[in-house]
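> Dropping in protein.tsv, with TSV, C-alpha atoms and all ligand atoms.
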```tsv
chain	number	residue	atom	x	y	z
A	1	MET	CA	17.92	-26.95	-10.85
A	2	SER	CA	19.69	-30.19	-11.63
A	3	GLN	CA	17.57	-33.24	-12.08
A	4	ARG	CA	18.25	-36.81	-11.20
A	5	VAL	CA	16.23	-39.72	-12.34
A	6	ASN	CA	17.59	-42.61	-10.39
A	7	GLY	CA	18.31	-43.08	-6.76
A	8	ILE	CA	15.33	-41.23	-5.40
A	9	ALA	CA	12.93	-43.36	-3.51
A	10	SER	CA	9.51	-41.93	-4.07
A	11	PRO	CA	7.65	-41.63	-0.77
A	12	ALA	CA	5.02	-44.24	-0.21
A	13	ARG	CA	1.96	-42.84	-1.84
A	14	GLN	CA	-0.52	-41.93	0.78
A	15	LYS	CA	-3.89	-43.49	0.65
A	16	LEU	CA	-6.39	-40.81	-0.18
A	17	LYS	CA	-8.58	-40.23	2.78
A	18	ARG	CA	-10.82	-37.47	3.96
A	19	ARG	CA	-9.65	-35.87	7.12
A	20	SER	CA	-11.60	-34.26	9.88
A	21	PHE	CA	-12.07	-30.65	9.05
A	22	VAL	CA	-13.61	-27.92	11.06
A	23	ALA	CA	-14.97	-25.19	8.85
A	24	LEU	CA	-13.64	-21.84	9.92
A	25	GLY	CA	-16.16	-19.40	11.20
A	26	VAL	CA	-19.12	-21.59	10.30
A	27	ALA	CA	-21.40	-23.41	12.65
A	28	GLY	CA	-22.35	-26.22	10.29
A	29	GLY	CA	-26.10	-25.98	10.28
A	30	ALA	CA	-28.15	-26.33	7.14
A	31	LEU	CA	-25.30	-27.61	5.03
A	32	GLY	CA	-24.65	-30.54	7.32
A	33	ILE	CA	-21.02	-29.67	7.83
A	34	ALA	CA	-20.95	-31.18	11.27
A	35	GLN	CA	-21.85	-34.56	9.85
A	36	ARG	CA	-18.89	-34.57	7.51
A	37	LEU	CA	-16.16	-34.85	10.05
A	38	THR	CA	-15.39	-38.51	9.62
A	39	GLU	CA	-13.38	-40.67	7.25
A	40	ALA	CA	-14.43	-42.23	3.96
A	41	VAL	CA	-16.42	-40.61	1.21
A	42	PRO	CA	-19.69	-42.51	0.67
A	43	ALA	CA	-19.29	-44.83	-2.29
A	44	ALA	CA	-22.15	-43.18	-4.16
A	45	ALA	CA	-20.47	-39.79	-3.94
A	46	ALA	CA	-17.07	-40.94	-5.18
A	47	PRO	CA	-16.88	-40.28	-8.92
A	48	LEU	CA	-15.34	-43.05	-11.01
A	49	SER	CA	-13.86	-40.55	-13.38
A	50	PRO	CA	-13.09	-36.90	-12.72
A	51	SER	CA	-14.89	-35.80	-15.86
A	52	LEU	CA	-18.05	-37.53	-14.66
A	53	ALA	CA	-17.94	-36.01	-11.21
A	54	PRO	CA	-21.56	-35.34	-10.29
A	55	VAL	CA	-22.49	-32.05	-8.72
A	56	GLY	CA	-23.96	-33.31	-5.53
A	57	ARG	CA	-21.05	-34.56	-3.49
A	58	SER	CA	-21.73	-33.67	0.10
A	59	GLY	CA	-19.15	-32.58	2.59
A	60	VAL	CA	-16.72	-29.84	3.32
A	61	PRO	CA	-14.27	-28.97	0.56
A	62	HIS	CA	-10.77	-28.52	1.85
A	63	ILE	CA	-8.37	-26.02	0.29
A	64	GLY	CA	-4.67	-25.46	0.81
A	65	LEU	CA	-3.47	-21.95	0.03
A	66	GLN	CA	0.27	-21.60	0.13
A	67	VAL	CA	1.59	-18.13	0.89
A	68	GLY	CA	4.67	-18.04	-1.33
A	69	HIS	CA	7.97	-17.59	0.56
A	70	TRP	CA	6.20	-17.26	3.91
A	71	ARG	CA	8.59	-18.28	6.70
A	72	ALA	CA	11.14	-19.43	4.12
A	73	ALA	CA	13.89	-19.40	6.76
A	74	GLU	CA	12.19	-22.36	8.45
A	75	MET	CA	12.45	-24.65	5.44
A	76	PRO	CA	13.75	-28.16	6.16
A	77	ASP	CA	17.27	-29.31	5.27
A	78	GLU	CA	16.20	-30.98	2.02
A	79	LEU	CA	15.06	-27.53	0.78
A	80	ARG	CA	17.65	-25.37	2.51
A	81	ARG	CA	18.67	-23.81	-0.82
A	82	LEU	CA	15.28	-22.04	-0.74
A	83	ARG	CA	15.68	-20.55	2.74
A	84	GLY	CA	17.16	-17.36	1.30
A	85	GLN	CA	14.49	-17.01	-1.40
A	86	THR	CA	12.27	-14.40	0.12
A	87	GLY	CA	10.54	-13.49	-3.13
A	88	ALA	CA	10.21	-10.34	-5.19
A	89	TYR	CA	10.63	-6.89	-3.69
A	90	ALA	CA	9.73	-3.58	-5.34
A	91	GLY	CA	8.65	-0.08	-4.36
A	92	GLY	CA	8.95	-0.87	-0.66
A	93	VAL	CA	6.62	-3.86	-0.95
A	94	SER	CA	7.68	-7.45	-0.41
A	95	GLU	CA	6.07	-10.31	-2.24
A	96	VAL	CA	5.38	-12.29	0.91
A	97	GLU	CA	3.26	-9.52	2.43
A	98	VAL	CA	1.16	-9.31	-0.74
A	99	ASN	CA	0.83	-13.11	-0.91
A	100	LEU	CA	-0.33	-13.19	2.71
A	101	LEU	CA	-2.72	-10.28	2.24
A	102	VAL	CA	-4.47	-11.94	-0.69
A	103	ALA	CA	-4.44	-15.42	0.91
A	104	GLU	CA	-6.18	-14.08	4.03
A	105	GLN	CA	-8.83	-12.45	1.87
A	106	VAL	CA	-9.42	-15.64	-0.10
A	107	ARG	CA	-9.94	-17.46	3.18
A	108	ALA	CA	-12.29	-14.72	4.37
A	109	LEU	CA	-14.37	-15.21	1.22
A	110	LEU	CA	-14.48	-19.02	1.29
A	111	ALA	CA	-14.76	-19.78	5.01
A	112	PRO	CA	-18.30	-18.34	5.40
A	113	LEU	CA	-19.41	-20.70	2.61
A	114	GLY	CA	-18.33	-23.64	4.74
A	115	ILE	CA	-15.05	-24.31	2.96
A	116	ALA	CA	-12.06	-25.22	5.10
A	117	VAL	CA	-8.98	-23.23	4.10
A	118	ASP	CA	-5.43	-23.84	5.35
A	119	LEU	CA	-2.90	-21.06	4.91
A	120	LEU	CA	0.41	-22.83	4.44
A	121	PRO	CA	3.93	-21.41	4.69
A	122	ALA	CA	6.79	-22.27	2.33
A	123	THR	CA	7.25	-25.54	4.21
A	124	ILE	CA	4.57	-28.03	3.20
A	125	PRO	CA	3.55	-30.79	5.63
A	126	PRO	CA	4.75	-34.03	3.99
A	127	GLY	CA	2.04	-35.65	1.86
A	128	TYR	CA	-0.38	-32.74	2.34
A	129	LEU	CA	-3.90	-33.67	1.22
A	130	ALA	CA	-6.62	-31.28	0.05
A	131	ASP	CA	-9.28	-31.01	-2.65
A	132	ALA	CA	-7.25	-28.23	-4.23
A	133	PHE	CA	-3.94	-26.52	-3.58
A	134	VAL	CA	-2.93	-23.10	-4.90
A	135	SER	CA	0.46	-21.56	-4.31
A	136	LEU	CA	0.18	-17.76	-4.38
A	137	HIS	CA	3.04	-15.62	-5.66
A	138	ALA	CA	3.69	-12.22	-7.22
A	139	ASP	CA	6.48	-11.95	-9.75
A	140	GLY	CA	9.35	-9.53	-10.08
A	141	VAL	CA	11.59	-8.69	-13.04
A	142	VAL	CA	13.98	-5.89	-13.93
A	143	SER	CA	11.61	-4.13	-16.31
A	144	SER	CA	8.72	-2.20	-14.83
A	145	GLN	CA	6.78	-2.66	-18.08
A	146	VAL	CA	6.28	-6.41	-17.85
A	147	ALA	CA	2.73	-7.11	-16.75
A	148	GLY	CA	0.14	-9.76	-16.17
A	149	TYR	CA	-0.72	-12.92	-14.31
A	150	LYS	CA	0.23	-16.49	-15.09
A	151	ALA	CA	-0.46	-19.90	-13.70
A	152	ALA	CA	1.00	-23.35	-14.17
A	153	ARG	CA	0.63	-26.92	-13.11
A	154	ALA	CA	3.36	-29.46	-12.55
A	155	GLU	CA	4.87	-30.99	-15.66
A	156	TRP	CA	6.50	-34.27	-14.85
A	157	ARG	CA	8.95	-35.94	-17.16
A	158	ASP	CA	8.24	-39.48	-18.22
A	159	ARG	CA	10.79	-41.54	-16.33
A	160	SER	CA	10.40	-44.72	-18.33
A	161	TRP	CA	11.30	-42.81	-21.51
A	162	LEU	CA	14.37	-41.37	-19.75
A	163	LEU	CA	15.45	-44.75	-18.44
A	164	ASP	CA	15.09	-46.27	-21.90
A	165	TRP	CA	17.21	-43.49	-23.35
A	166	ARG	CA	19.84	-44.03	-20.68
A	167	ARG	CA	19.95	-47.76	-21.36
A	168	GLU	CA	20.47	-47.10	-25.04
A	169	ASN	CA	23.09	-44.41	-24.41
A	170	PRO	CA	25.06	-45.72	-21.42
A	171	THR	CA	28.05	-43.42	-21.86
A	172	ALA	CA	26.21	-40.29	-22.94
A	173	SER	CA	24.24	-40.03	-19.73
A	174	SER	CA	27.36	-39.06	-17.79
A	175	ASN	CA	27.50	-35.88	-19.88
A	176	ARG	CA	25.66	-33.44	-17.64
A	177	GLU	CA	24.78	-30.92	-20.32
A	178	LEU	CA	23.50	-33.57	-22.67
A	179	TRP	CA	21.55	-35.26	-19.92
A	180	ARG	CA	19.86	-31.98	-19.01
A	181	ASP	CA	18.90	-31.49	-22.62
A	182	VAL	CA	17.53	-35.02	-22.84
A	183	TRP	CA	15.58	-34.42	-19.64
A	184	ARG	CA	13.94	-31.37	-21.17
A	185	ARG	CA	13.00	-33.27	-24.29
A	186	ALA	CA	11.40	-36.14	-22.36
A	187	PRO	CA	7.65	-36.47	-22.76
A	188	ILE	CA	5.57	-34.67	-20.15
A	189	ILE	CA	3.10	-36.61	-18.07
A	190	ASP	CA	0.39	-35.56	-15.64
A	191	ARG	CA	1.24	-35.35	-11.97
A	192	ASN	CA	-2.45	-35.45	-11.08
A	193	PRO	CA	-5.23	-35.79	-13.67
A	194	LEU	CA	-7.15	-32.87	-12.14
A	195	ASP	CA	-4.29	-30.34	-12.25
A	196	GLU	CA	-5.24	-29.21	-15.74
A	197	ALA	CA	-8.89	-28.61	-14.81
A	198	LEU	CA	-7.87	-26.53	-11.79
A	199	LEU	CA	-5.47	-24.58	-13.99
A	200	GLN	CA	-8.11	-23.83	-16.62
A	201	HIS	CA	-10.70	-22.69	-14.06
A	202	MET	CA	-8.15	-20.40	-12.42
A	203	LEU	CA	-6.84	-18.89	-15.67
A	204	HIS	CA	-10.36	-18.16	-16.82
A	205	ARG	CA	-11.83	-16.83	-13.57
A	206	TYR	CA	-8.81	-14.92	-12.31
A	207	GLY	CA	-8.37	-13.21	-15.66
A	208	ALA	CA	-12.05	-12.28	-15.90
A	209	VAL	CA	-12.27	-10.89	-12.36
A	210	THR	CA	-9.01	-8.94	-12.34
A	211	GLY	CA	-8.94	-7.78	-15.95
A	212	LEU	CA	-5.17	-8.29	-15.95
A	213	PRO	CA	-3.47	-9.52	-19.14
A	214	ARG	CA	-2.30	-13.11	-19.18
A	215	SER	CA	1.48	-13.31	-19.25
A	216	PRO	CA	3.03	-16.01	-21.44
A	217	HIS	CA	6.22	-16.26	-19.36
A	218	VAL	CA	5.60	-19.54	-17.56
A	219	SER	CA	8.97	-20.74	-16.31
A	220	TYR	CA	10.50	-24.00	-15.22
A	221	ASN	CA	10.42	-22.58	-11.68
A	222	MET	CA	6.65	-22.84	-11.98
A	223	THR	CA	6.18	-26.19	-13.78
A	224	GLY	CA	8.92	-27.70	-11.63
A	225	TYR	CA	7.80	-26.01	-8.41
A	226	TYR	CA	9.27	-27.76	-5.38
A	227	ALA	CA	5.97	-28.12	-3.49
A	228	PHE	CA	4.63	-30.35	-6.30
A	229	ASN	CA	7.76	-32.45	-6.57
A	230	SER	CA	6.92	-35.45	-4.42
A	231	ARG	CA	9.21	-37.60	-6.57
A	232	ARG	CA	12.16	-35.72	-5.15
A	233	TYR	CA	11.25	-34.11	-1.81
A	234	ARG	CA	9.33	-35.18	1.25
A	235	HIS	CA	7.90	-31.77	2.20
A	236	THR	CA	5.49	-31.68	-0.72
A	237	ILE	CA	1.80	-32.10	-1.35
A	238	SER	CA	0.37	-35.56	-1.97
A	239	GLN	CA	0.10	-36.67	-5.56
A	240	ASP	CA	-3.62	-36.96	-4.83
A	241	THR	CA	-3.94	-33.19	-4.28
A	242	PRO	CA	-4.78	-31.21	-7.45
A	243	ALA	CA	-2.45	-28.22	-7.55
A	244	ILE	CA	-1.34	-25.11	-9.38
A	245	ILE	CA	0.94	-22.15	-8.81
A	246	LEU	CA	-0.41	-18.66	-9.54
A	247	GLU	CA	1.71	-15.57	-10.13
A	248	MET	CA	-0.97	-12.98	-9.43
A	249	ALA	CA	0.73	-10.00	-11.09
A	250	TYR	CA	4.11	-8.27	-11.34
A	251	LEU	CA	5.17	-6.52	-8.18
A	252	THR	CA	7.75	-4.64	-10.26
A	253	ASN	CA	5.03	-3.09	-12.42
A	254	PRO	CA	3.85	0.06	-10.57
A	255	PHE	CA	0.24	-0.29	-11.69
A	256	GLU	CA	0.05	-3.93	-10.69
A	257	ARG	CA	1.85	-3.29	-7.40
A	258	ARG	CA	-0.78	-0.69	-6.49
A	259	PHE	CA	-3.50	-3.08	-7.59
A	260	LEU	CA	-2.20	-5.87	-5.32
A	261	THR	CA	-1.60	-3.69	-2.28
A	262	GLN	CA	-4.58	-1.35	-2.50
A	263	ARG	CA	-7.24	-3.68	-3.89
A	264	PRO	CA	-6.25	-7.17	-2.66
A	265	GLU	CA	-9.93	-8.14	-2.50
A	266	VAL	CA	-10.03	-8.23	-6.31
A	267	PRO	CA	-7.29	-10.84	-6.90
A	268	ALA	CA	-8.67	-12.67	-3.85
A	269	ARG	CA	-12.08	-12.82	-5.49
A	270	GLY	CA	-10.53	-14.16	-8.69
A	271	VAL	CA	-8.73	-16.91	-6.80
A	272	ALA	CA	-11.84	-17.78	-4.77
A	273	LEU	CA	-13.96	-18.01	-7.93
A	274	GLY	CA	-11.41	-20.17	-9.71
A	275	LEU	CA	-11.42	-22.52	-6.73
A	276	LEU	CA	-15.22	-22.58	-6.44
A	277	SER	CA	-15.62	-23.39	-10.13
A	278	PHE	CA	-13.17	-26.26	-9.82
A	279	LEU	CA	-14.75	-27.56	-6.61
A	280	ALA	CA	-18.23	-27.44	-8.13
A	281	LEU	CA	-17.61	-28.67	-11.66
A	282	ASP	CA	-14.66	-31.04	-11.33
A	283	GLN	CA	-14.78	-32.11	-7.70
A	284	GLY	CA	-18.58	-32.20	-7.59
A	285	PHE	CA	-19.08	-30.39	-4.29
A	286	ALA	CA	-22.72	-29.34	-3.90
A	287	LEU	CA	-21.70	-26.64	-1.47
A	288	ALA	CA	-19.47	-24.95	-4.06
A	289	ASP	CA	-22.12	-25.28	-6.75
A	290	GLN	CA	-24.69	-23.66	-4.44
A	291	ALA	CA	-22.36	-20.74	-3.75
A	292	LEU	CA	-21.90	-20.13	-7.48
A	293	GLN	CA	-25.62	-20.37	-8.13
A	294	GLN	CA	-26.39	-17.97	-5.32
A	295	GLY	CA	-24.40	-15.26	-6.99
A	296	PHE	CA	-20.97	-15.48	-5.42
A	297	ALA	CA	-19.62	-14.50	-8.82
A	298	THR	CA	-21.62	-11.31	-9.11
A	299	ALA	CA	-21.51	-10.07	-5.52
A	300	PRO	CA	-19.54	-6.84	-5.08
B	401	ZN	ZN	7.34	-15.97	-5.42
```
Written as structure tokens, how would this file's structure read?

Amino acid sequence: MSQRVNGIASPARQKLKRRSFVALGVAGGALGIAQRLTEAVPAAAAPLSPSLAPVGRSGVPHIGLQVGHWRAAEMPDELRRLRGQTGAYAGGVSEVEVNLLVAEQVRALLAPLGIAVDLLPATIPPGYLADAFVSLHADGVVSSQVAGYKAARAEWRDRSWLLDWRRENPTASSNRELWRDVWRRAPIIDRNPLDEALLQHMLHRYGAVTGLPRSPHVSYNMTGYYAFNSRRYRHTISQDTPAIILEMAYLTNPFERRFLTQRPEVPARGVALGLLSFLALDQGFALADQALQQGFATAP
């Protein structure tokens, strides 16, 4: 992917606001879900700093689960190069069917707790807002031996550093190869301060639940994932939405392919637990904390 620094107007950053959510399959009731359908988080519940987020925030957590490559043919013009990317395929199984299978099971686990879950296709609604966003994928490589799961958050390059370099090297920046190299050496900055927390919860919980090895092969396709790249594209999540991409396993590894297709409830449980931990401990949602305390983690 080529990168440009200048000439891209970043979309007006959306004001963070709580939307009206209807919890799927839940009637509100004791948790007061019905009361949380309006704007504005009460001032007392809004943490000043993510690390100080109190467990006790009321309201319905809202999750975006992207089913990797789902309906890729419908992608908008700005992302038309991805329309043909239908994902990995191995042993008669396509990645998108596995991604959808697991995503539906994650929703089935979280919805009864009162958590609103959107299943999103490859095309993201511009400026999509949620308390957490996870893009679900399964990887494919030539070797059937490569195994494991991996996750990543966006790694943004520091533009001011790049612009300084360009000012100091006015002729060199027309050299494409050199410019690409400089881009890769630019300091990395956070897209969203909560991305790292979401990543750590997911790596820990998903690994523990599935027992899969953690793969070290995080690629630029993950850290530079298009759905995170609101500096370049319009059909991306809001910068206010904490986000990660998860490669759940290798579809090209026969053991892992069987695992994903025959026991999708296990990776689904890992994803759900990673999300609940993040929602409870870093987003401060009482509802998520309650679910963890009541044994969501240990249920069969
Ligand atoms: Zn994929």
> Separation of atom CA of A:Leu136 and atom ZN of ligand ZN 401 (chain B), in Å?
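Answer for the atom CA of A:Leu136 to atom ZN of ligand ZN 401 (chain B) separation: 7.5 Å.
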> List as a PyMOL selection string the protein and nucleic acid residues lying within 8 Å of ligand ZN 401 (chain B), with only C-alpha atoms and all ligand atoms counted.
chain A and resi 68-69+86-88+95-96+136-139+247
> Taking into account all atoms listed in the file, which residue in the set A:Ile237, A:Leu281, A:Val98, A:Leu162 is nearest to A:Arg180?
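Ranked by minimum distance to A:Arg180, first place goes to A:Leu162.
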> Hey, can you pull every residue with an atom no more than 12 Å from (8.5, -9.1, -18.1), using all atoms listed in the file, and send it as a list in words?
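Here is the list of nearby residues: Asp139, Gly140, Val141, Val142, Ser143, Ser144, Gln145, Val146, Ala147, Gly148, Tyr149, Lys150, Arg214, Ser215, Pro216, His217, Val218, Ser219, Ala249, Tyr250, Leu251, Thr252 and Asn253 of chain A.
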> Might you pull out every residue within 10 Å of A:Asp131, with only C-alpha atoms counted and same-chain residues fewer than 3 positions away left off, and present them as a list in words?
Arg18, Val60, Pro61, His62, Ile63, Gly64, Leu194, Asp240, Thr241, Pro242, Ala243, Leu275, Phe278, Leu279, Gln283 and Phe285 of chain A
> For atom CA of A:Ala272 and atom CA of A:Val106, determine how far apart the two atoms are, in Å to one decimal place.
5.7 Å
